[in-house]
file structure-v3.txt (compact mmCIF, N, CA and C atoms)
# COMPACT_ATOMS: atom_id res chain seq x y z
N MET A 1 164.19 -26.31 -119.84
CA MET A 1 164.94 -25.98 -118.65
C MET A 1 165.42 -24.53 -118.75
N GLU A 2 165.29 -23.84 -117.67
CA GLU A 2 165.69 -22.43 -117.65
C GLU A 2 167.21 -22.29 -117.60
N GLN A 3 167.67 -21.21 -118.18
CA GLN A 3 169.09 -20.92 -118.14
C GLN A 3 169.40 -20.16 -116.84
N LEU A 4 170.49 -20.53 -116.20
CA LEU A 4 170.86 -19.85 -114.97
C LEU A 4 171.46 -18.49 -115.29
N LEU A 5 171.02 -17.49 -114.54
CA LEU A 5 171.51 -16.14 -114.72
C LEU A 5 172.61 -15.85 -113.71
N TRP A 6 173.25 -14.69 -113.84
CA TRP A 6 174.38 -14.34 -113.00
C TRP A 6 174.02 -14.28 -111.53
N TYR A 7 172.80 -13.84 -111.21
CA TYR A 7 172.44 -13.73 -109.79
C TYR A 7 172.17 -15.09 -109.16
N HIS A 8 171.86 -16.11 -109.95
CA HIS A 8 171.75 -17.46 -109.41
C HIS A 8 173.10 -17.91 -108.85
N TYR A 9 174.14 -17.65 -109.62
CA TYR A 9 175.49 -18.03 -109.19
C TYR A 9 175.93 -17.20 -107.98
N LEU A 10 175.59 -15.92 -107.99
CA LEU A 10 175.97 -15.04 -106.89
C LEU A 10 175.32 -15.46 -105.58
N ILE A 11 174.02 -15.73 -105.62
CA ILE A 11 173.31 -16.17 -104.41
C ILE A 11 173.82 -17.53 -103.95
N GLY A 12 174.08 -18.43 -104.89
CA GLY A 12 174.64 -19.74 -104.55
C GLY A 12 176.00 -19.63 -103.88
N ALA A 13 176.83 -18.71 -104.39
CA ALA A 13 178.15 -18.51 -103.78
C ALA A 13 178.03 -17.96 -102.37
N PHE A 14 177.11 -17.00 -102.16
CA PHE A 14 176.90 -16.47 -100.81
C PHE A 14 176.43 -17.55 -99.85
N LEU A 15 175.54 -18.42 -100.31
CA LEU A 15 175.05 -19.50 -99.45
C LEU A 15 176.17 -20.48 -99.10
N ILE A 16 177.02 -20.79 -100.06
CA ILE A 16 178.13 -21.72 -99.79
C ILE A 16 179.12 -21.11 -98.81
N VAL A 17 179.45 -19.84 -99.00
CA VAL A 17 180.39 -19.17 -98.08
C VAL A 17 179.79 -19.09 -96.68
N ALA A 18 178.51 -18.75 -96.58
CA ALA A 18 177.86 -18.68 -95.26
C ALA A 18 177.84 -20.05 -94.59
N ALA A 19 177.57 -21.09 -95.35
CA ALA A 19 177.55 -22.44 -94.79
C ALA A 19 178.93 -22.85 -94.27
N ILE A 20 179.98 -22.51 -95.02
CA ILE A 20 181.34 -22.84 -94.58
C ILE A 20 181.69 -22.07 -93.31
N ILE A 21 181.30 -20.80 -93.23
CA ILE A 21 181.57 -20.01 -92.02
C ILE A 21 180.85 -20.60 -90.82
N ILE A 22 179.60 -21.02 -91.01
CA ILE A 22 178.85 -21.63 -89.91
C ILE A 22 179.54 -22.91 -89.44
N ILE A 23 179.96 -23.75 -90.37
CA ILE A 23 180.63 -25.00 -90.01
C ILE A 23 181.92 -24.73 -89.24
N VAL A 24 182.72 -23.80 -89.72
CA VAL A 24 184.00 -23.50 -89.07
C VAL A 24 183.78 -22.94 -87.66
N THR A 25 182.86 -21.99 -87.51
CA THR A 25 182.65 -21.39 -86.19
C THR A 25 182.06 -22.39 -85.19
N VAL A 26 181.21 -23.28 -85.66
CA VAL A 26 180.67 -24.30 -84.76
C VAL A 26 181.76 -25.29 -84.35
N MET A 27 182.63 -25.65 -85.29
CA MET A 27 183.70 -26.59 -84.97
C MET A 27 184.74 -25.97 -84.02
N LEU A 28 184.92 -24.65 -84.05
CA LEU A 28 185.87 -23.99 -83.17
C LEU A 28 185.36 -23.82 -81.74
N GLN A 29 184.05 -23.91 -81.55
CA GLN A 29 183.48 -23.71 -80.22
C GLN A 29 183.73 -24.93 -79.34
N GLN A 30 183.88 -24.65 -78.06
CA GLN A 30 184.11 -25.74 -77.11
C GLN A 30 182.78 -26.38 -76.73
N SER A 31 182.87 -27.63 -76.29
CA SER A 31 181.70 -28.37 -75.86
C SER A 31 181.17 -27.80 -74.55
N LYS A 32 179.86 -27.83 -74.38
CA LYS A 32 179.25 -27.34 -73.14
C LYS A 32 179.25 -28.40 -72.04
N GLN A 33 179.55 -29.63 -72.37
CA GLN A 33 179.54 -30.71 -71.38
C GLN A 33 180.78 -30.65 -70.52
N GLN A 34 180.59 -30.85 -69.22
CA GLN A 34 181.72 -30.87 -68.30
C GLN A 34 182.15 -32.28 -67.95
N GLY A 35 181.38 -33.24 -68.36
CA GLY A 35 181.71 -34.61 -68.05
C GLY A 35 181.19 -35.02 -66.68
N LEU A 36 181.54 -36.21 -66.24
CA LEU A 36 181.05 -36.74 -64.98
C LEU A 36 181.62 -36.00 -63.78
N SER A 37 182.84 -35.58 -63.83
CA SER A 37 183.44 -34.88 -62.70
C SER A 37 182.77 -33.52 -62.46
N GLY A 38 182.34 -32.86 -63.51
CA GLY A 38 181.65 -31.59 -63.35
C GLY A 38 180.26 -31.77 -62.77
N ALA A 39 179.63 -32.90 -63.04
CA ALA A 39 178.30 -33.16 -62.50
C ALA A 39 178.35 -33.49 -61.01
N ILE A 40 179.40 -34.17 -60.59
CA ILE A 40 179.51 -34.58 -59.19
C ILE A 40 180.05 -33.44 -58.34
N ALA A 41 181.13 -32.83 -58.75
CA ALA A 41 181.79 -31.81 -57.95
C ALA A 41 181.15 -30.44 -58.14
N GLY A 42 180.42 -30.26 -59.20
CA GLY A 42 179.85 -28.94 -59.47
C GLY A 42 180.85 -28.09 -60.24
N GLY A 43 180.35 -27.16 -61.01
CA GLY A 43 181.23 -26.31 -61.80
C GLY A 43 181.79 -25.19 -60.96
N ALA A 44 183.07 -24.99 -61.01
CA ALA A 44 183.71 -23.92 -60.27
C ALA A 44 183.68 -22.65 -61.11
N ASP A 45 183.30 -21.53 -60.50
CA ASP A 45 183.32 -20.25 -61.20
C ASP A 45 184.75 -19.78 -61.33
N THR A 46 185.10 -19.44 -62.53
CA THR A 46 186.43 -18.90 -62.78
C THR A 46 186.30 -17.49 -63.32
N PHE A 47 187.41 -16.86 -63.50
CA PHE A 47 187.43 -15.53 -64.08
C PHE A 47 186.80 -15.53 -65.47
N PHE A 48 187.06 -16.60 -66.23
CA PHE A 48 186.54 -16.67 -67.59
C PHE A 48 185.03 -16.90 -67.62
N ASP A 49 184.50 -17.58 -66.61
CA ASP A 49 183.05 -17.77 -66.53
C ASP A 49 182.33 -16.46 -66.27
N LYS A 50 182.95 -15.59 -65.50
CA LYS A 50 182.32 -14.33 -65.16
C LYS A 50 182.40 -13.31 -66.29
N ASN A 51 183.35 -13.48 -67.20
CA ASN A 51 183.55 -12.55 -68.30
C ASN A 51 183.31 -13.23 -69.65
N LYS A 52 182.26 -14.03 -69.74
CA LYS A 52 182.00 -14.79 -70.96
C LYS A 52 181.69 -13.90 -72.15
N GLY A 53 181.17 -12.71 -71.91
CA GLY A 53 180.82 -11.81 -73.01
C GLY A 53 182.02 -11.32 -73.77
N ARG A 54 183.20 -11.39 -73.17
CA ARG A 54 184.41 -10.87 -73.79
C ARG A 54 185.33 -11.96 -74.32
N THR A 55 184.97 -13.20 -74.11
CA THR A 55 185.86 -14.30 -74.50
C THR A 55 185.70 -14.64 -75.98
N MET A 56 186.63 -15.42 -76.47
CA MET A 56 186.58 -15.87 -77.85
C MET A 56 185.36 -16.76 -78.07
N GLU A 57 184.99 -17.53 -77.06
CA GLU A 57 183.81 -18.40 -77.16
C GLU A 57 182.54 -17.58 -77.39
N ALA A 58 182.41 -16.48 -76.71
CA ALA A 58 181.24 -15.61 -76.88
C ALA A 58 181.23 -14.98 -78.27
N LYS A 59 182.40 -14.60 -78.75
CA LYS A 59 182.49 -14.02 -80.08
C LYS A 59 182.13 -15.04 -81.15
N LEU A 60 182.61 -16.27 -80.99
CA LEU A 60 182.28 -17.32 -81.96
C LEU A 60 180.78 -17.62 -81.94
N SER A 61 180.19 -17.63 -80.77
CA SER A 61 178.76 -17.87 -80.66
C SER A 61 177.97 -16.76 -81.35
N LYS A 62 178.38 -15.53 -81.15
CA LYS A 62 177.70 -14.40 -81.77
C LYS A 62 177.85 -14.44 -83.30
N ILE A 63 179.04 -14.76 -83.78
CA ILE A 63 179.27 -14.86 -85.22
C ILE A 63 178.40 -15.97 -85.81
N THR A 64 178.31 -17.10 -85.12
CA THR A 64 177.49 -18.21 -85.59
C THR A 64 176.03 -17.79 -85.73
N LYS A 65 175.52 -17.09 -84.73
CA LYS A 65 174.12 -16.65 -84.78
C LYS A 65 173.88 -15.67 -85.92
N ILE A 66 174.77 -14.73 -86.09
CA ILE A 66 174.60 -13.72 -87.14
C ILE A 66 174.66 -14.36 -88.53
N VAL A 67 175.64 -15.23 -88.74
CA VAL A 67 175.79 -15.87 -90.05
C VAL A 67 174.63 -16.82 -90.33
N ALA A 68 174.10 -17.48 -89.30
CA ALA A 68 172.94 -18.35 -89.49
C ALA A 68 171.71 -17.55 -89.92
N VAL A 69 171.51 -16.39 -89.33
CA VAL A 69 170.39 -15.53 -89.73
C VAL A 69 170.59 -15.05 -91.16
N VAL A 70 171.82 -14.65 -91.50
CA VAL A 70 172.11 -14.21 -92.87
C VAL A 70 171.87 -15.35 -93.86
N PHE A 71 172.28 -16.55 -93.51
CA PHE A 71 172.08 -17.72 -94.36
C PHE A 71 170.59 -17.96 -94.60
N PHE A 72 169.80 -17.88 -93.53
CA PHE A 72 168.36 -18.10 -93.63
C PHE A 72 167.71 -17.03 -94.51
N VAL A 73 168.08 -15.77 -94.31
CA VAL A 73 167.48 -14.66 -95.08
C VAL A 73 167.85 -14.77 -96.55
N ILE A 74 169.10 -15.09 -96.86
CA ILE A 74 169.51 -15.23 -98.25
C ILE A 74 168.78 -16.41 -98.90
N GLY A 75 168.65 -17.50 -98.19
CA GLY A 75 167.93 -18.66 -98.72
C GLY A 75 166.47 -18.36 -98.97
N LEU A 76 165.83 -17.67 -98.04
CA LEU A 76 164.43 -17.30 -98.20
C LEU A 76 164.25 -16.32 -99.35
N ALA A 77 165.14 -15.35 -99.45
CA ALA A 77 165.08 -14.38 -100.55
C ALA A 77 165.29 -15.08 -101.90
N ALA A 78 166.17 -16.07 -101.92
CA ALA A 78 166.42 -16.79 -103.17
C ALA A 78 165.18 -17.55 -103.61
N VAL A 79 164.51 -18.20 -102.69
CA VAL A 79 163.30 -18.94 -103.04
C VAL A 79 162.23 -17.98 -103.57
N ILE A 80 162.03 -16.88 -102.89
CA ILE A 80 161.02 -15.91 -103.32
C ILE A 80 161.40 -15.32 -104.67
N LEU A 81 162.65 -14.92 -104.83
CA LEU A 81 163.11 -14.32 -106.08
C LEU A 81 163.00 -15.28 -107.25
N PHE A 82 163.40 -16.52 -107.05
CA PHE A 82 163.38 -17.48 -108.15
C PHE A 82 161.95 -17.92 -108.52
N LYS A 83 161.03 -17.85 -107.58
CA LYS A 83 159.63 -18.19 -107.89
C LYS A 83 158.97 -17.05 -108.67
N LEU A 84 159.35 -15.81 -108.39
CA LEU A 84 158.76 -14.67 -109.06
C LEU A 84 159.30 -14.48 -110.47
N LEU A 85 160.58 -14.80 -110.67
CA LEU A 85 161.20 -14.56 -111.99
C LEU A 85 161.25 -15.78 -112.84
call {"tool": "encode", "arguments": {"input": "structure-v3.txt", "output": "structure tokens"}}
result
Amino acid sequence: MEQLLWYHYLIGAFLIVAAIIIIVTVMLQQSKQQGLSGAIAGGADTFFDKNKGRTMEAKLSKITKIVAVVFFVIGLAAVILFKLL
């Protein structure tokens, strides 16, 4: 069995932190479902609907996407690195 080196622990720590950030940001986001009343009456446009790019929901969505890409890249790099070494 191979001995784990320092970069194994470092990459593992980055993956764990990224996974926790993804979980937290997804849990903080609001549901997209409006329920039965929204389906019957239709969704009313509000000020917040028109400015979604500036809301906290948009920021959480953007953070989730960025961290998910970082998680994927680190995971892929780890697999390639560990197979080569």
call {"tool": "atom_distance", "arguments": {"input": "structure-v3.txt", "atom1": "atom CA of Ala18 of chain A", "atom2": "atom CA of Val73 of chain A"}}
result
11.1 Å
call {"tool": "residues_around", "arguments": {"input": "structure-v3.txt", "residues": "Gly75 of chain A", "least_positions_apart": "6", "cutoff": "8 Å", "atoms": "all atoms listed in the file", "output": "PyMOL selection string"}}
result
chain A and resi 11+14-15+69+81
call {"tool": "atom_distance", "arguments": {"input": "structure-v3.txt", "atom1": "atom N of Val67 of chain A", "atom2": "atom CA of Gln30 of chain A"}}
result
17.8 Å
call {"tool": "atom_distance", "arguments": {"input": "structure-v3.txt", "atom1": "atom CA of Phe82 of chain A", "atom2": "atom CA of Ile63 of chain A"}}
result
28.0 Å
call {"tool": "residues_near_point", "arguments": {"input": "structure-v3.txt", "point": "(184.8, -21.7, -85.7)", "cutoff": "12 Å", "atoms": "only C-alpha atoms", "output": "ChimeraX atom specification"}}
result
/A:19-30,56-65,67
call {"tool": "write_last_selection", "arguments": {"input": "structure-v3.txt", "atoms": "N, CA and C atoms", "output": "mmCIF file, in the coordinates of the input"}}
result
data_model
loop_
_atom_site.group_PDB
_atom_site.id
_atom_site.type_symbol
_atom_site.label_atom_id
_atom_site.label_comp_id
_atom_site.auth_asym_id
_atom_site.auth_seq_id
_atom_site.Cartn_x
_atom_site.Cartn_y
_atom_site.Cartn_z
ATOM 1 N N ALA A 19 177.570 -21.090 -95.350
ATOM 2 C CA ALA A 19 177.550 -22.440 -94.790
ATOM 3 C C ALA A 19 178.930 -22.850 -94.270
ATOM 4 N N ILE A 20 179.980 -22.510 -95.020
ATOM 5 C CA ILE A 20 181.340 -22.840 -94.580
ATOM 6 C C ILE A 20 181.690 -22.070 -93.310
ATOM 7 N N ILE A 21 181.300 -20.800 -93.230
ATOM 8 C CA ILE A 21 181.570 -20.010 -92.020
ATOM 9 C C ILE A 21 180.850 -20.600 -90.820
ATOM 10 N N ILE A 22 179.600 -21.020 -91.010
ATOM 11 C CA ILE A 22 178.850 -21.630 -89.910
ATOM 12 C C ILE A 22 179.540 -22.910 -89.440
ATOM 13 N N ILE A 23 179.960 -23.750 -90.370
ATOM 14 C CA ILE A 23 180.630 -25.000 -90.010
ATOM 15 C C ILE A 23 181.920 -24.730 -89.240
ATOM 16 N N VAL A 24 182.720 -23.800 -89.720
ATOM 17 C CA VAL A 24 184.000 -23.500 -89.070
ATOM 18 C C VAL A 24 183.780 -22.940 -87.660
ATOM 19 N N THR A 25 182.860 -21.990 -87.510
ATOM 20 C CA THR A 25 182.650 -21.390 -86.190
ATOM 21 C C THR A 25 182.060 -22.390 -85.190
ATOM 22 N N VAL A 26 181.210 -23.280 -85.660
ATOM 23 C CA VAL A 26 180.670 -24.300 -84.760
ATOM 24 C C VAL A 26 181.760 -25.290 -84.350
ATOM 25 N N MET A 27 182.630 -25.650 -85.290
ATOM 26 C CA MET A 27 183.700 -26.590 -84.970
ATOM 27 C C MET A 27 184.740 -25.970 -84.020
ATOM 28 N N LEU A 28 184.920 -24.650 -84.050
ATOM 29 C CA LEU A 28 185.870 -23.990 -83.170
ATOM 30 C C LEU A 28 185.360 -23.820 -81.740
ATOM 31 N N GLN A 29 184.050 -23.910 -81.550
ATOM 32 C CA GLN A 29 183.480 -23.710 -80.220
ATOM 33 C C GLN A 29 183.730 -24.930 -79.340
ATOM 34 N N GLN A 30 183.880 -24.650 -78.060
ATOM 35 C CA GLN A 30 184.110 -25.740 -77.110
ATOM 36 C C GLN A 30 182.780 -26.380 -76.730
ATOM 37 N N MET A 56 186.630 -15.420 -76.470
ATOM 38 C CA MET A 56 186.580 -15.870 -77.850
ATOM 39 C C MET A 56 185.360 -16.760 -78.070
ATOM 40 N N GLU A 57 184.990 -17.530 -77.060
ATOM 41 C CA GLU A 57 183.810 -18.400 -77.160
ATOM 42 C C GLU A 57 182.540 -17.580 -77.390
ATOM 43 N N ALA A 58 182.410 -16.480 -76.710
ATOM 44 C CA ALA A 58 181.240 -15.610 -76.880
ATOM 45 C C ALA A 58 181.230 -14.980 -78.270
ATOM 46 N N LYS A 59 182.400 -14.600 -78.750
ATOM 47 C CA LYS A 59 182.490 -14.020 -80.080
ATOM 48 C C LYS A 59 182.130 -15.040 -81.150
ATOM 49 N N LEU A 60 182.610 -16.270 -80.990
ATOM 50 C CA LEU A 60 182.280 -17.320 -81.960
ATOM 51 C C LEU A 60 180.780 -17.620 -81.940
ATOM 52 N N SER A 61 180.190 -17.630 -80.770
ATOM 53 C CA SER A 61 178.760 -17.870 -80.660
ATOM 54 C C SER A 61 177.970 -16.760 -81.350
ATOM 55 N N LYS A 62 178.380 -15.530 -81.150
ATOM 56 C CA LYS A 62 177.700 -14.400 -81.770
ATOM 57 C C LYS A 62 177.850 -14.440 -83.300
ATOM 58 N N ILE A 63 179.040 -14.760 -83.780
ATOM 59 C CA ILE A 63 179.270 -14.860 -85.220
ATOM 60 C C ILE A 63 178.400 -15.970 -85.810
ATOM 61 N N THR A 64 178.310 -17.100 -85.120
ATOM 62 C CA THR A 64 177.490 -18.210 -85.590
ATOM 63 C C THR A 64 176.030 -17.790 -85.730
ATOM 64 N N LYS A 65 175.520 -17.090 -84.730
ATOM 65 C CA LYS A 65 174.120 -16.650 -84.780
ATOM 66 C C LYS A 65 173.880 -15.670 -85.920
ATOM 67 N N VAL A 67 175.640 -15.230 -88.740
ATOM 68 C CA VAL A 67 175.790 -15.870 -90.050
ATOM 69 C C VAL A 67 174.630 -16.820 -90.330
#
call {"tool": "build_atoms", "arguments": {"input": "structure-v3.txt", "residues": "segment 22-33 of chain A", "atoms": "all heavy atoms", "output": "PDB file, in the coordinates of the input"}}
result
ATOM      1  N   ILE A  22     179.600 -21.020 -91.010  1.00  0.00           N
ATOM      2  CA  ILE A  22     178.850 -21.630 -89.910  1.00  0.00           C
ATOM      3  C   ILE A  22     179.540 -22.910 -89.440  1.00  0.00           C
ATOM      4  O   ILE A  22     179.719 -23.135 -88.240  1.00  0.00           O
ATOM      5  CB  ILE A  22     177.396 -21.926 -90.329  1.00  0.00           C
ATOM      6  CG1 ILE A  22     176.621 -20.620 -90.493  1.00  0.00           C
ATOM      7  CG2 ILE A  22     176.700 -22.813 -89.301  1.00  0.00           C
ATOM      8  CD1 ILE A  22     175.245 -20.798 -91.102  1.00  0.00           C
ATOM      9  N   ILE A  23     179.960 -23.750 -90.370  1.00  0.00           N
ATOM     10  CA  ILE A  23     180.630 -25.000 -90.010  1.00  0.00           C
ATOM     11  C   ILE A  23     181.920 -24.730 -89.240  1.00  0.00           C
ATOM     12  O   ILE A  23     182.179 -25.351 -88.204  1.00  0.00           O
ATOM     13  CB  ILE A  23     180.907 -25.839 -91.280  1.00  0.00           C
ATOM     14  CG1 ILE A  23     179.596 -26.353 -91.866  1.00  0.00           C
ATOM     15  CG2 ILE A  23     181.850 -26.999 -90.969  1.00  0.00           C
ATOM     16  CD1 ILE A  23     179.732 -26.956 -93.243  1.00  0.00           C
ATOM     17  N   VAL A  24     182.720 -23.800 -89.720  1.00  0.00           N
ATOM     18  CA  VAL A  24     184.000 -23.500 -89.070  1.00  0.00           C
ATOM     19  C   VAL A  24     183.780 -22.940 -87.660  1.00  0.00           C
ATOM     20  O   VAL A  24     184.445 -23.355 -86.711  1.00  0.00           O
ATOM     21  CB  VAL A  24     184.840 -22.534 -89.932  1.00  0.00           C
ATOM     22  CG1 VAL A  24     186.036 -22.006 -89.168  1.00  0.00           C
ATOM     23  CG2 VAL A  24     185.287 -23.228 -91.206  1.00  0.00           C
ATOM     24  N   THR A  25     182.860 -21.990 -87.510  1.00  0.00           N
ATOM     25  CA  THR A  25     182.650 -21.390 -86.190  1.00  0.00           C
ATOM     26  C   THR A  25     182.060 -22.390 -85.190  1.00  0.00           C
ATOM     27  O   THR A  25     182.419 -22.358 -84.020  1.00  0.00           O
ATOM     28  CB  THR A  25     181.752 -20.136 -86.266  1.00  0.00           C
ATOM     29  OG1 THR A  25     180.508 -20.470 -86.882  1.00  0.00           O
ATOM     30  CG2 THR A  25     182.428 -19.020 -87.007  1.00  0.00           C
ATOM     31  N   VAL A  26     181.210 -23.280 -85.660  1.00  0.00           N
ATOM     32  CA  VAL A  26     180.670 -24.300 -84.760  1.00  0.00           C
ATOM     33  C   VAL A  26     181.760 -25.290 -84.350  1.00  0.00           C
ATOM     34  O   VAL A  26     181.854 -25.689 -83.182  1.00  0.00           O
ATOM     35  CB  VAL A  26     179.474 -25.025 -85.407  1.00  0.00           C
ATOM     36  CG1 VAL A  26     179.084 -26.272 -84.621  1.00  0.00           C
ATOM     37  CG2 VAL A  26     178.280 -24.092 -85.505  1.00  0.00           C
ATOM     38  N   MET A  27     182.630 -25.650 -85.290  1.00  0.00           N
ATOM     39  CA  MET A  27     183.700 -26.590 -84.970  1.00  0.00           C
ATOM     40  C   MET A  27     184.740 -25.970 -84.020  1.00  0.00           C
ATOM     41  O   MET A  27     185.380 -26.692 -83.253  1.00  0.00           O
ATOM     42  CB  MET A  27     184.396 -27.066 -86.250  1.00  0.00           C
ATOM     43  CG  MET A  27     183.504 -27.883 -87.163  1.00  0.00           C
ATOM     44  SD  MET A  27     182.944 -29.406 -86.411  1.00  0.00           S
ATOM     45  CE  MET A  27     184.447 -30.340 -86.401  1.00  0.00           C
ATOM     46  N   LEU A  28     184.920 -24.650 -84.050  1.00  0.00           N
ATOM     47  CA  LEU A  28     185.870 -23.990 -83.170  1.00  0.00           C
ATOM     48  C   LEU A  28     185.360 -23.820 -81.740  1.00  0.00           C
ATOM     49  O   LEU A  28     186.142 -23.611 -80.825  1.00  0.00           O
ATOM     50  CB  LEU A  28     186.254 -22.625 -83.729  1.00  0.00           C
ATOM     51  CG  LEU A  28     187.157 -22.635 -84.960  1.00  0.00           C
ATOM     52  CD1 LEU A  28     187.334 -21.222 -85.495  1.00  0.00           C
ATOM     53  CD2 LEU A  28     188.500 -23.247 -84.639  1.00  0.00           C
ATOM     54  N   GLN A  29     184.050 -23.910 -81.550  1.00  0.00           N
ATOM     55  CA  GLN A  29     183.480 -23.710 -80.220  1.00  0.00           C
ATOM     56  C   GLN A  29     183.730 -24.930 -79.340  1.00  0.00           C
ATOM     57  O   GLN A  29     183.765 -26.056 -79.810  1.00  0.00           O
ATOM     58  CB  GLN A  29     181.977 -23.442 -80.321  1.00  0.00           C
ATOM     59  CG  GLN A  29     181.656 -22.129 -80.974  1.00  0.00           C
ATOM     60  CD  GLN A  29     180.170 -21.892 -81.113  1.00  0.00           C
ATOM     61  OE1 GLN A  29     179.379 -22.484 -80.396  1.00  0.00           O
ATOM     62  NE2 GLN A  29     179.805 -21.025 -82.023  1.00  0.00           N
ATOM     63  N   GLN A  30     183.880 -24.650 -78.060  1.00  0.00           N
ATOM     64  CA  GLN A  30     184.110 -25.740 -77.110  1.00  0.00           C
ATOM     65  C   GLN A  30     182.780 -26.380 -76.730  1.00  0.00           C
ATOM     66  O   GLN A  30     181.730 -25.762 -76.784  1.00  0.00           O
ATOM     67  CB  GLN A  30     184.780 -25.205 -75.856  1.00  0.00           C
ATOM     68  CG  GLN A  30     186.177 -24.708 -76.074  1.00  0.00           C
ATOM     69  CD  GLN A  30     186.806 -24.173 -74.813  1.00  0.00           C
ATOM     70  OE1 GLN A  30     186.156 -24.090 -73.775  1.00  0.00           O
ATOM     71  NE2 GLN A  30     188.061 -23.789 -74.898  1.00  0.00           N
ATOM     72  N   SER A  31     182.870 -27.630 -76.290  1.00  0.00           N
ATOM     73  CA  SER A  31     181.700 -28.370 -75.860  1.00  0.00           C
ATOM     74  C   SER A  31     181.170 -27.800 -74.550  1.00  0.00           C
ATOM     75  O   SER A  31     181.934 -27.357 -73.702  1.00  0.00           O
ATOM     76  CB  SER A  31     182.054 -29.846 -75.688  1.00  0.00           C
ATOM     77  OG  SER A  31     180.956 -30.547 -75.163  1.00  0.00           O
ATOM     78  N   LYS A  32     179.860 -27.830 -74.380  1.00  0.00           N
ATOM     79  CA  LYS A  32     179.250 -27.340 -73.140  1.00  0.00           C
ATOM     80  C   LYS A  32     179.250 -28.400 -72.040  1.00  0.00           C
ATOM     81  O   LYS A  32     178.964 -28.099 -70.896  1.00  0.00           O
ATOM     82  CB  LYS A  32     177.804 -26.899 -73.405  1.00  0.00           C
ATOM     83  CG  LYS A  32     177.670 -25.823 -74.443  1.00  0.00           C
ATOM     84  CD  LYS A  32     178.183 -24.518 -73.933  1.00  0.00           C
ATOM     85  CE  LYS A  32     177.965 -23.455 -74.997  1.00  0.00           C
ATOM     86  NZ  LYS A  32     178.655 -22.235 -74.743  1.00  0.00           N
ATOM     87  N   GLN A  33     179.550 -29.630 -72.370  1.00  0.00           N
ATOM     88  CA  GLN A  33     179.540 -30.710 -71.380  1.00  0.00           C
ATOM     89  C   GLN A  33     180.780 -30.650 -70.520  1.00  0.00           C
ATOM     90  O   GLN A  33     181.893 -30.459 -71.001  1.00  0.00           O
ATOM     91  CB  GLN A  33     179.471 -32.055 -72.071  1.00  0.00           C
ATOM     92  CG  GLN A  33     178.203 -32.264 -72.852  1.00  0.00           C
ATOM     93  CD  GLN A  33     178.208 -33.603 -73.562  1.00  0.00           C
ATOM     94  OE1 GLN A  33     179.213 -34.298 -73.586  1.00  0.00           O
ATOM     95  NE2 GLN A  33     177.089 -33.959 -74.131  1.00  0.00           N
TER      96      GLN A  33
END
